[in-house]
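Source file: coords_17.csv. Holds: CSV, C-alpha atoms and all ligand atoms.
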```csv
chain,number,residue,atom,x,y,z
A,1,MET,CA,0.0,0.0,0.0
A,2,LYS,CA,1.3,3.4,-0.9
A,3,HIS,CA,0.9,5.9,1.9
A,4,GLU,CA,0.3,9.6,1.6
A,5,LYS,CA,1.5,10.3,5.1
A,6,ARG,CA,5.2,10.9,5.6
A,7,ILE,CA,6.8,11.4,9.0
A,8,ASP,CA,8.9,14.5,8.9
A,9,PRO,CA,11.7,14.5,11.5
A,10,TRP,CA,12.2,18.3,11.0
A,11,GLY,CA,8.6,19.2,11.0
A,12,THR,CA,6.0,19.7,13.7
A,13,ALA,CA,3.4,17.1,12.5
A,14,ASP,CA,1.5,15.6,15.3
A,15,ILE,CA,1.2,11.9,15.1
A,16,ASP,CA,-2.0,11.6,16.9
A,17,ASP,CA,-3.0,8.0,16.2
A,18,TYR,CA,-0.1,5.8,17.2
A,19,ARG,CA,-2.0,2.7,16.1
A,20,ASN,CA,-1.7,3.9,12.5
A,21,LEU,CA,2.0,3.5,12.7
A,22,PHE,CA,1.6,-0.2,13.1
A,23,ASP,CA,-0.2,-0.7,9.8
A,24,GLU,CA,1.4,2.1,7.8
A,25,PHE,CA,5.0,2.0,8.7
A,26,GLY,CA,5.5,-1.6,9.9
A,27,ILE,CA,6.3,-0.7,13.5
A,28,LYS,CA,5.2,-3.6,15.8
A,29,PRO,CA,3.4,-3.4,19.1
A,30,PHE,CA,5.7,-3.6,22.1
A,31,ASP,CA,3.1,-5.5,24.3
A,32,LYS,CA,4.7,-8.9,24.2
A,33,PHE,CA,7.8,-7.6,26.0
A,34,ARG,CA,5.9,-5.7,28.6
A,35,GLU,CA,5.7,-8.3,31.3
A,36,LYS,CA,9.3,-9.4,31.1
A,37,LEU,CA,10.7,-5.8,31.3
A,38,SER,CA,8.1,-4.5,33.7
A,39,ASP,CA,10.8,-2.9,35.9
A,40,SER,CA,10.9,-0.1,33.4
A,41,ARG,CA,8.0,2.2,34.1
A,42,TYR,CA,7.7,3.4,30.5
A,43,ILE,CA,7.5,-0.2,29.3
A,44,ARG,CA,5.2,-1.3,32.0
A,45,ARG,CA,2.7,1.5,31.3
A,46,GLY,CA,2.8,1.2,27.5
A,47,ILE,CA,4.5,4.5,27.0
A,48,VAL,CA,7.1,2.5,25.0
A,49,PHE,CA,4.5,1.2,22.6
A,50,GLY,CA,6.3,0.0,19.5
A,51,HIS,CA,9.4,-1.5,18.1
A,52,ARG,CA,11.3,-2.9,15.2
A,53,ASP,CA,13.3,-6.1,15.7
A,54,PHE,CA,13.3,-5.8,19.5
A,55,GLU,CA,13.3,-9.6,19.7
A,56,ARG,CA,17.0,-9.5,19.0
A,57,ILE,CA,17.6,-7.2,22.0
A,58,MET,CA,15.3,-9.3,24.2
A,59,GLU,CA,17.5,-12.3,23.4
A,60,CYS,CA,20.6,-10.4,24.5
A,61,ILE,CA,19.0,-9.3,27.7
A,62,GLU,CA,17.8,-12.8,28.6
A,63,GLY,CA,21.0,-14.5,27.5
A,64,ASN,CA,23.3,-11.9,29.1
A,65,LYS,CA,24.9,-11.1,25.7
A,66,LYS,CA,26.5,-7.8,24.7
A,67,PHE,CA,24.3,-5.2,23.0
A,68,VAL,CA,24.4,-1.5,22.3
A,69,MET,CA,22.0,1.1,23.2
A,70,MET,CA,22.6,4.2,21.0
A,71,THR,CA,20.8,7.5,20.9
A,72,GLY,CA,21.4,11.1,20.0
A,73,LEU,CA,20.3,14.2,21.8
A,74,MET,CA,19.4,17.4,20.0
A,75,PRO,CA,21.0,20.3,21.9
A,76,SER,CA,18.3,22.9,21.5
A,77,GLY,CA,16.8,24.6,24.5
A,78,LYS,CA,15.9,23.6,28.0
A,79,PHE,CA,15.9,20.1,29.2
A,80,HIS,CA,12.3,19.3,30.2
A,81,LEU,CA,10.1,16.4,31.3
A,82,GLY,CA,9.7,15.3,27.7
A,83,HIS,CA,13.4,14.8,27.4
A,84,LYS,CA,13.5,13.0,30.7
A,85,ILE,CA,11.6,10.1,29.1
A,86,VAL,CA,14.6,9.4,26.9
A,87,ALA,CA,17.1,10.0,29.7
A,88,ASP,CA,15.4,7.5,32.0
A,89,GLN,CA,15.4,4.9,29.3
A,90,ILE,CA,19.1,5.4,28.6
A,91,ILE,CA,19.8,5.0,32.3
A,92,TRP,CA,17.6,1.9,32.5
A,93,TYR,CA,19.6,0.3,29.7
A,94,GLN,CA,22.9,1.2,31.4
A,95,GLY,CA,21.5,-0.5,34.5
A,96,ILE,CA,20.9,-3.7,32.7
A,97,GLY,CA,24.4,-3.8,31.2
A,98,ALA,CA,24.0,-2.3,27.7
A,99,GLU,CA,27.0,-0.6,26.0
A,100,ILE,CA,25.8,2.9,25.9
A,101,PHE,CA,26.7,5.1,22.8
A,102,LEU,CA,25.3,8.6,23.2
A,103,CYS,CA,26.0,11.6,21.0
A,104,SER,CA,25.2,15.2,21.0
A,105,ALA,CA,23.7,16.1,17.6
A,106,ASP,CA,25.5,19.4,17.6
A,107,LEU,CA,26.4,19.2,13.9
A,108,GLU,CA,22.7,18.6,13.1
A,109,ALA,CA,21.7,21.5,15.3
A,110,TYR,CA,24.2,23.6,13.4
A,111,ALA,CA,23.3,22.5,9.9
A,112,VAL,CA,19.5,22.4,10.1
A,113,ARG,CA,18.5,24.4,13.2
A,114,GLY,CA,20.7,27.4,13.0
A,115,ILE,CA,22.4,26.9,16.4
A,116,ASP,CA,26.0,27.7,16.6
A,117,LEU,CA,28.4,25.0,17.8
A,118,GLU,CA,29.5,26.8,20.9
A,119,THR,CA,25.9,27.2,22.0
A,120,ALA,CA,25.1,23.6,21.2
A,121,ARG,CA,28.1,22.5,23.2
A,122,ARG,CA,27.0,24.5,26.2
A,123,ILE,CA,23.4,23.3,26.0
A,124,THR,CA,24.7,19.7,25.7
A,125,ILE,CA,26.7,20.1,28.9
A,126,ASP,CA,24.6,22.3,31.1
A,127,GLU,CA,21.2,21.0,30.1
A,128,TYR,CA,21.6,17.5,28.9
A,129,LEU,CA,24.7,15.8,30.5
A,130,THR,CA,24.2,17.5,33.8
A,131,ASN,CA,20.6,16.5,34.0
A,132,TYR,CA,21.4,12.9,32.8
A,133,VAL,CA,23.9,12.5,35.5
A,134,ALA,CA,21.6,13.9,38.1
A,135,LEU,CA,19.0,11.4,37.0
A,136,GLY,CA,21.5,8.6,37.4
A,137,LEU,CA,23.7,8.3,34.3
A,138,THR,CA,27.3,7.2,35.1
A,139,LYS,CA,30.5,6.7,33.1
A,140,LYS,CA,30.1,2.9,33.1
A,141,ASN,CA,30.1,1.4,29.6
A,142,LEU,CA,29.4,4.8,28.2
A,143,THR,CA,30.8,6.3,25.0
A,144,PHE,CA,29.8,9.9,24.5
A,145,TRP,CA,30.8,12.2,21.6
A,146,PHE,CA,29.9,15.4,19.8
A,147,GLN,CA,29.0,14.9,16.1
A,148,SER,CA,31.3,17.7,15.4
A,149,ASP,CA,34.3,16.3,17.2
A,150,TYR,CA,34.9,12.5,17.1
A,151,VAL,CA,37.2,10.0,15.6
A,152,VAL,CA,38.2,9.3,12.0
A,153,PRO,CA,36.6,5.8,11.4
A,154,TYR,CA,33.3,7.4,12.2
A,155,TYR,CA,33.6,10.2,9.6
A,156,ARG,CA,35.1,7.8,7.1
A,157,PHE,CA,32.1,5.5,7.5
A,158,ARG,CA,29.7,8.4,7.2
A,159,ASP,CA,31.3,9.4,4.0
A,160,MET,CA,31.3,5.9,2.6
A,161,LEU,CA,27.6,5.7,3.2
A,162,THR,CA,27.1,8.1,0.3
A,163,ARG,CA,27.8,5.3,-2.2
A,164,LYS,CA,24.8,3.2,-1.1
A,165,VAL,CA,22.1,5.8,-1.2
A,166,THR,CA,20.6,7.8,-4.0
A,167,LEU,CA,19.2,11.4,-4.0
A,168,ASN,CA,15.8,10.1,-5.2
A,169,GLU,CA,15.6,7.7,-2.3
A,170,LEU,CA,16.3,10.5,0.2
A,171,LYS,CA,13.8,12.7,-1.5
A,172,ALA,CA,11.2,10.0,-1.2
A,173,ILE,CA,11.8,9.6,2.5
A,174,TYR,CA,12.3,13.3,3.5
A,175,GLY,CA,10.6,15.4,0.9
A,176,SER,CA,12.5,18.6,0.4
A,177,LEU,CA,16.2,18.3,1.0
A,178,THR,CA,19.1,20.7,1.7
A,179,PRO,CA,22.8,19.8,1.9
A,180,GLY,CA,22.5,20.3,5.7
A,181,LYS,CA,19.7,17.7,5.9
A,182,ILE,CA,21.6,15.2,3.7
A,183,LEU,CA,24.6,15.5,5.9
A,184,SER,CA,22.6,15.2,9.1
A,185,VAL,CA,20.8,12.1,7.8
A,186,LEU,CA,24.1,10.4,6.9
A,187,THR,CA,25.7,11.5,10.2
A,188,GLN,CA,22.8,10.0,12.1
A,189,SER,CA,23.2,6.7,10.3
A,190,ALA,CA,26.9,6.7,11.2
A,191,ASP,CA,25.9,7.4,14.8
A,192,ILE,CA,23.7,4.3,14.9
A,193,LEU,CA,25.9,1.9,12.9
A,194,HIS,CA,29.5,2.8,13.7
A,195,PRO,CA,29.7,0.9,17.1
A,196,GLN,CA,29.5,-2.2,14.9
A,197,LEU,CA,32.6,-1.3,12.8
A,198,PRO,CA,35.8,-3.4,13.4
A,199,GLU,CA,37.4,-0.3,15.0
A,200,PHE,CA,34.7,-0.4,17.7
A,201,LEU,CA,32.8,-3.5,18.9
A,202,GLY,CA,32.2,-5.3,15.7
A,203,ALA,CA,28.8,-6.7,14.8
A,204,THR,CA,26.6,-6.1,17.8
A,205,PRO,CA,22.8,-6.0,18.3
A,206,THR,CA,21.9,-2.3,18.7
A,207,VAL,CA,18.7,-0.7,20.0
A,208,VAL,CA,17.8,2.9,19.4
A,209,PRO,CA,14.9,4.3,21.6
A,210,VAL,CA,13.3,7.1,19.7
A,211,GLY,CA,10.1,9.1,19.2
A,212,THR,CA,8.2,8.2,16.1
A,213,ASP,CA,9.5,11.4,14.4
A,214,GLN,CA,12.9,9.7,14.1
A,215,ASP,CA,11.5,6.6,12.3
A,216,PRO,CA,12.4,7.7,8.8
A,217,HIS,CA,16.1,7.7,9.9
A,218,MET,CA,15.7,4.2,11.4
A,219,ARG,CA,14.3,2.9,8.1
A,220,LEU,CA,17.0,4.4,6.1
A,221,THR,CA,19.7,3.3,8.5
A,222,ARG,CA,18.4,-0.3,8.5
A,223,ASP,CA,18.5,-0.3,4.6
A,224,LEU,CA,22.0,1.0,4.7
A,225,ALA,CA,23.1,-1.6,7.1
A,226,ALA,CA,21.7,-4.3,4.8
A,227,ARG,CA,23.5,-2.8,1.7
A,228,PHE,CA,26.9,-2.9,3.4
A,229,GLN,CA,26.8,-6.6,4.2
A,230,SER,CA,29.6,-7.4,1.8
A,231,GLU,CA,31.9,-4.8,3.3
A,232,PHE,CA,31.1,-4.9,6.9
A,233,LYS,CA,29.0,-7.3,8.9
A,234,LEU,CA,26.4,-5.0,10.4
A,235,ILE,CA,23.3,-6.2,12.3
A,236,LEU,CA,20.2,-4.2,11.4
A,237,PRO,CA,19.6,-1.9,14.3
A,238,SER,CA,16.4,-2.4,16.4
A,239,SER,CA,14.4,0.5,17.6
A,240,THR,CA,11.7,1.3,20.2
A,241,TYR,CA,9.1,4.0,20.0
A,242,HIS,CA,7.7,6.0,22.9
A,243,LYS,CA,4.8,8.3,23.2
A,244,PHE,CA,5.5,12.0,23.6
A,245,MET,CA,4.1,13.8,26.5
A,246,ARG,CA,1.5,16.4,25.6
A,247,GLY,CA,2.1,20.0,26.6
A,248,LEU,CA,0.8,21.2,30.0
A,249,GLN,CA,-1.8,23.3,28.2
A,250,GLY,CA,-2.9,20.5,25.8
A,251,GLY,CA,-1.2,20.8,22.4
A,252,LYS,CA,2.5,20.1,21.9
A,253,MET,CA,5.2,20.1,24.5
A,254,SER,CA,7.7,22.4,22.9
A,255,SER,CA,11.0,23.9,23.9
A,256,SER,CA,9.9,27.2,22.4
A,257,GLU,CA,6.9,27.5,24.7
A,258,PRO,CA,7.9,27.5,28.4
A,259,LYS,CA,4.3,27.2,29.5
A,260,SER,CA,4.0,23.9,27.8
A,261,TYR,CA,6.7,22.2,29.8
A,262,ILE,CA,8.4,21.8,33.1
A,263,ALA,CA,12.1,22.2,32.9
A,264,LEU,CA,14.2,20.2,35.3
A,265,THR,CA,15.8,23.5,36.4
A,266,ASP,CA,12.6,25.4,36.8
A,267,ASP,CA,12.0,27.2,40.2
A,268,PRO,CA,9.4,25.8,42.5
A,269,GLU,CA,7.1,28.9,42.2
A,270,VAL,CA,7.2,28.7,38.5
A,271,VAL,CA,6.4,25.0,38.6
A,272,MET,CA,3.5,25.5,40.9
A,273,LYS,CA,2.0,28.1,38.6
A,274,LYS,CA,2.5,25.9,35.5
A,275,ILE,CA,0.7,23.0,37.2
A,276,MET,CA,-2.1,25.2,38.5
A,277,ASN,CA,-2.6,26.5,34.9
A,278,SER,CA,-2.5,23.0,33.3
A,279,LYS,CA,-5.3,21.6,31.3
A,280,THR,CA,-7.2,18.9,33.2
A,281,GLY,CA,-9.9,16.4,32.4
A,282,GLY,CA,-12.1,18.0,35.0
A,283,ARG,CA,-15.7,19.2,34.5
A,284,ALA,CA,-16.9,22.8,34.2
A,285,THR,CA,-18.1,23.0,37.8
A,286,ILE,CA,-17.2,21.2,41.0
A,287,ARG,CA,-20.8,19.9,41.2
A,288,GLU,CA,-20.7,18.4,37.8
A,289,HIS,CA,-17.3,17.0,38.5
A,290,ARG,CA,-18.5,15.3,41.7
A,291,GLU,CA,-21.4,13.9,39.8
A,292,LYS,CA,-19.8,12.7,36.6
A,293,GLY,CA,-16.2,12.3,37.6
A,294,GLY,CA,-13.2,13.6,35.7
A,295,ILE,CA,-11.4,12.2,32.6
A,296,PRO,CA,-7.8,11.4,33.5
A,297,GLU,CA,-7.1,10.5,29.9
A,298,ARG,CA,-7.5,14.1,29.0
A,299,CYS,CA,-5.6,15.5,31.9
A,300,MET,CA,-2.1,16.8,31.8
A,301,VAL,CA,-1.8,16.6,35.6
A,302,TYR,CA,-2.6,12.9,35.4
A,303,ASP,CA,0.1,12.6,32.7
A,304,LEU,CA,2.6,14.0,35.2
A,305,PHE,CA,1.7,11.3,37.6
A,306,LEU,CA,1.7,8.6,35.0
A,307,TYR,CA,5.0,9.4,33.3
A,308,HIS,CA,7.0,10.8,36.1
A,309,LEU,CA,5.8,11.2,39.6
A,310,ILE,CA,4.1,8.0,40.7
A,311,ASP,CA,6.1,4.8,40.4
A,312,ASP,CA,3.7,2.6,42.4
A,313,ASP,CA,1.0,1.2,40.1
A,314,GLU,CA,-1.5,0.8,42.8
A,315,GLU,CA,-1.1,4.4,43.9
A,316,LEU,CA,-1.6,5.5,40.4
A,317,GLU,CA,-4.7,3.4,40.1
A,318,ASN,CA,-6.1,5.0,43.1
A,319,ILE,CA,-5.6,8.4,41.6
A,320,TYR,CA,-7.2,7.2,38.4
A,321,ARG,CA,-10.2,5.7,40.2
A,322,ASP,CA,-10.7,8.7,42.5
A,323,CYS,CA,-10.7,11.0,39.5
A,324,ARG,CA,-13.2,8.9,37.6
A,325,SER,CA,-15.5,8.6,40.5
A,326,GLY,CA,-15.5,12.3,41.3
A,327,ASP,CA,-13.9,11.8,44.7
A,328,ASN,CA,-10.9,13.7,43.6
A,329,VAL,CA,-11.3,17.3,42.4
A,330,CYS,CA,-8.8,19.1,40.3
A,331,GLY,CA,-7.8,21.9,42.7
A,332,GLU,CA,-6.7,19.4,45.4
A,333,CYS,CA,-5.2,17.0,42.8
A,334,LYS,CA,-3.1,19.8,41.3
A,335,ALA,CA,-1.9,20.7,44.8
A,336,VAL,CA,-0.8,17.1,45.5
A,337,CYS,CA,0.9,17.0,42.1
A,338,SER,CA,2.8,20.3,42.7
A,339,GLU,CA,4.0,19.1,46.1
A,340,ILE,CA,5.4,15.8,44.7
A,341,MET,CA,6.8,17.6,41.6
A,342,ILE,CA,8.6,20.3,43.7
A,343,LYS,CA,10.0,17.7,46.1
A,344,PHE,CA,11.4,15.8,43.1
A,345,LEU,CA,12.8,18.9,41.5
A,346,LYS,CA,14.5,20.2,44.6
A,347,GLU,CA,16.2,16.9,45.1
A,348,HIS,CA,17.1,16.8,41.4
A,349,GLN,CA,18.6,20.2,41.5
A,350,ARG,CA,20.7,19.3,44.5
A,351,ARG,CA,22.0,16.3,42.6
A,352,ARG,CA,22.8,18.6,39.7
A,353,LYS,CA,25.2,20.5,41.8
A,354,ARG,CA,27.0,17.2,42.6
A,355,SER,CA,27.1,16.1,38.9
A,356,GLU,CA,30.0,18.2,37.7
A,357,ARG,CA,32.8,15.8,38.3
A,358,ILE,CA,31.0,12.9,36.6
A,359,VAL,CA,30.1,15.2,33.6
A,360,GLU,CA,33.8,16.1,33.3
A,361,LYS,CA,34.8,12.5,33.3
A,362,ILE,CA,32.2,11.7,30.6
A,363,LEU,CA,33.6,14.5,28.4
A,364,GLU,CA,37.2,13.3,28.8
A,365,LYS,CA,38.6,11.5,25.7
B,401,LIG,N1,18.0,13.6,14.9
B,401,LIG,C1,17.8,13.4,16.3
B,401,LIG,C2,16.9,14.5,16.8
B,401,LIG,O1,16.5,15.4,16.1
B,401,LIG,C3,19.1,13.4,17.0
B,401,LIG,C4,20.0,12.3,16.7
B,401,LIG,C5,21.3,12.4,16.1
B,401,LIG,C6,19.8,10.9,16.9
B,401,LIG,N2,21.8,11.1,16.0
B,401,LIG,C7,20.9,10.2,16.5
B,401,LIG,C8,18.7,10.2,17.4
B,401,LIG,C9,21.0,8.8,16.5
B,401,LIG,C10,18.8,8.8,17.5
B,401,LIG,C11,20.0,8.1,17.0
B,401,LIG,O2,16.5,14.5,18.0
B,402,LIG,FE1,-6.9,15.5,36.4
B,402,LIG,FE2,-6.9,15.2,39.0
B,402,LIG,FE3,-8.8,16.7,37.8
B,402,LIG,FE4,-8.8,14.1,37.5
B,402,LIG,S1,-9.1,15.2,39.4
B,402,LIG,S2,-9.1,15.6,35.9
B,402,LIG,S3,-6.6,13.6,37.5
B,402,LIG,S4,-6.5,17.1,37.9
```

As structure tokens:
Amino acid sequence: MKHEKRIDPWGTADIDDYRNLFDEFGIKPFDKFREKLSDSRYIRRGIVFGHRDFERIMECIEGNKKFVMMTGLMPSGKFHLGHKIVADQIIWYQGIGAEIFLCSADLEAYAVRGIDLETARRITIDEYLTNYVALGLTKKNLTFWFQSDYVVPYYRFRDMLTRKVTLNELKAIYGSLTPGKILSVLTQSADILHPQLPEFLGATPTVVPVGTDQDPHMRLTRDLAARFQSEFKLILPSSTYHKFMRGLQGGKMSSSEPKSYIALTDDPEVVMKKIMNSKTGGRATIREHREKGGIPERCMVYDLFLYHLIDDDEELENIYRDCRSGDNVCGECKAVCSEIMIKFLKEHQRRRKRSERIVEKILEK
């Protein structure tokens, strides 16, 4: 079936119906791994909802075999709760013994987002790495690099990729192209595949946890891996797909709209206000709310509990039930949410202050 829809990694298109992705793009439901990997909150709760070839990674996890988790961070703007979803996953993979390859896409930020390299570097360190470490990332089994400043075999491989891809193919995947986009796409494929080169680990199962916006890159990278079989033995990379958090006001959570997100460095008073002004699934009046109950599925406050604040499933269920029944009203619920959030952020911001040495170690070559 030919599909009209195209996922644009540089666009803003909302992918509202995740189920569509299964039929249209060949992403498979993640359900069957949920039980076995239930210690990950995002997996347990279906926030990680899709995958390509994750079976291969599951085999490594169960058989205690070496595998790579690779992902790239885009150094633009504040590190917020949306980014924390990726960070927590990286840290979870590190905890179960994966080889972590993590890059700053500073070159992509430069080439297609108009951010200069110095700014990108500062954001990478102050926003991303410092928050990652405060959330629990360590130096163990971690390779970190900037796309703009890495090693020769990586750049050689990126440039060699040019022989196995045509301009028409890139156009079909990405629509309009610029030299910057082409370079970014090839660099991203090199990010994902280079750990398998002989200079690094050799052929190794690799998983890339991404939002669905990055899927076009995954498809291209997997095709490229297949086309290089005679030159390098590369295993097609696996991927997982997670849902994005919605913005606090409904709509998109966007770095350019501070009201839509909570940054991990936000002040408590600001956070309190943001939560108080969040869109909820509550009814127009308290009376109606008590009668009919709220709709947690439409509530951004509930999302905060679900994604970040409440780890205990039973506790979350209670919140859900008390909302549905009308026993919980939004004012009180927001107050509880603010309290837990502020406690978490204060502790996190303390940990940030103690992260510097580890961040320096990570940056050492
Ligand atoms: N393009 C990604 C983004 O916009 C960043 C990125 C660069 C990346 N290299 C990667 C993501 C490798 C996954 C794997 O966020
Ligand atoms: Fe959201 Fe809580 Fe209101 Fe329910 S009671 S709609 S969970 S804020």

Self-check item: Surroundings of ligand LIG 401 (chain B) up to 8 Å, based on all atoms listed in the file, as a PyMOL selection string
Solution: chain A and resi 9-10+70-74+102-105+108+184-185+187-189+191-192+208-210+214+217

Exercise. Compile the contact shell of His289 in chain A as a ChimeraX atom specification: residues with an atom at most 7 Å away, counting only C-alpha atoms, same-chain residues fewer than 6 positions apart removed.
Key: /A:282-283,326

Practice problem: Work out how far CA of Ile43 in chain A is from CA of Lys28 in chain A, in Å to one decimal. | Solution: 14.1 Å

Self-check item: Coordinates-based distance that separates CA of Arg45 in chain A from atom FE1 of ligand LIG 402 (chain B) (Å, one decimal)
Solution: 17.7 Å

Exercise. Throw together the list of residues within 12 Å of ligand LIG 402 (chain B), counting all atoms listed in the file, and drop it here as a PyMOL selection string.
Key: chain A and resi 248+275-286+289-290+292-306+316-338

Quiz item: From the list A:Thr265, A:Gln196, A:Asn20, A:Thr221, which residue is nearest His348 in chain A when using only C-alpha atoms?
Solution: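 So, comparing all the options, the nearest one is A:Thr265.
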
Practice problem: Using all atoms listed in the file, pick whichever of A:Ser256, A:His51, A:Gly114, A:Leu197 has the shortest atom-to-atom distance to Glu231 in chain A. | Solution: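 That would be A:Leu197, the residue with the smallest distance to Glu231 in chain A.
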
Quiz item: Once you count all atoms listed in the file, which residues end up no further than 12 Å from (17.6, 11.0, 39.0) in the file's frame, shown as a ChimeraX atom specification?
Solution: /A:84-85,87-92,130-138,264,308-309,344-352,354-355

Quick one: contact table of range 87-166 of chain A to range 227-230 of chain A, 10 Å max, nearest atom pair and distance in Å to one decimal per residue, counting only C-alpha atoms, chain and number order, as a Markdown table?
```
| residue | atom | partner | partner_atom | distance |
| --- | --- | --- | --- | --- |
| A:Met160 | CA | A:Phe228 | CA | 9.9 |
| A:Leu161 | CA | A:Phe228 | CA | 8.6 |
| A:Arg163 | CA | A:Arg227 | CA | 10.0 |
| A:Lys164 | CA | A:Arg227 | CA | 6.7 |
| A:Val165 | CA | A:Arg227 | CA | 9.2 |
```

Quiz prompt | Minimum-distance residue to Leu117 in chain A, chosen among A:Pro153, A:Pro205, A:Pro258, A:Pro75 (using all atoms listed in the file) | solution =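 Counting all atoms listed in the file, the residue closest to Leu117 in chain A is A:Pro75.
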
Quiz item: Between A:Lys171, A:Arg19, A:Lys274, A:Arg34, which has the minimum distance to Gln249 in chain A (counting only C-alpha atoms)?
Solution: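 The answer is A:Lys274, which sits nearest to Gln249 in chain A.
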
Quiz prompt | Residue neighbourhood Gly26 in chain A, 10 Å, all atoms listed in the file, exclusion window fewer than 3 positions, as a list in words | solution =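 So the residues in contact are Asn20, Leu21, Phe22, Asp23, Pro29, Gly50, His51 and Arg52 of chain A.
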
Practice problem: Work out how far apart CA of Lys181 in chain A and CA of Glu99 in chain A are and give it in Å to one decimal. | Solution: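 Going from CA of Lys181 in chain A over to CA of Glu99 in chain A, I get 28.1 Å.
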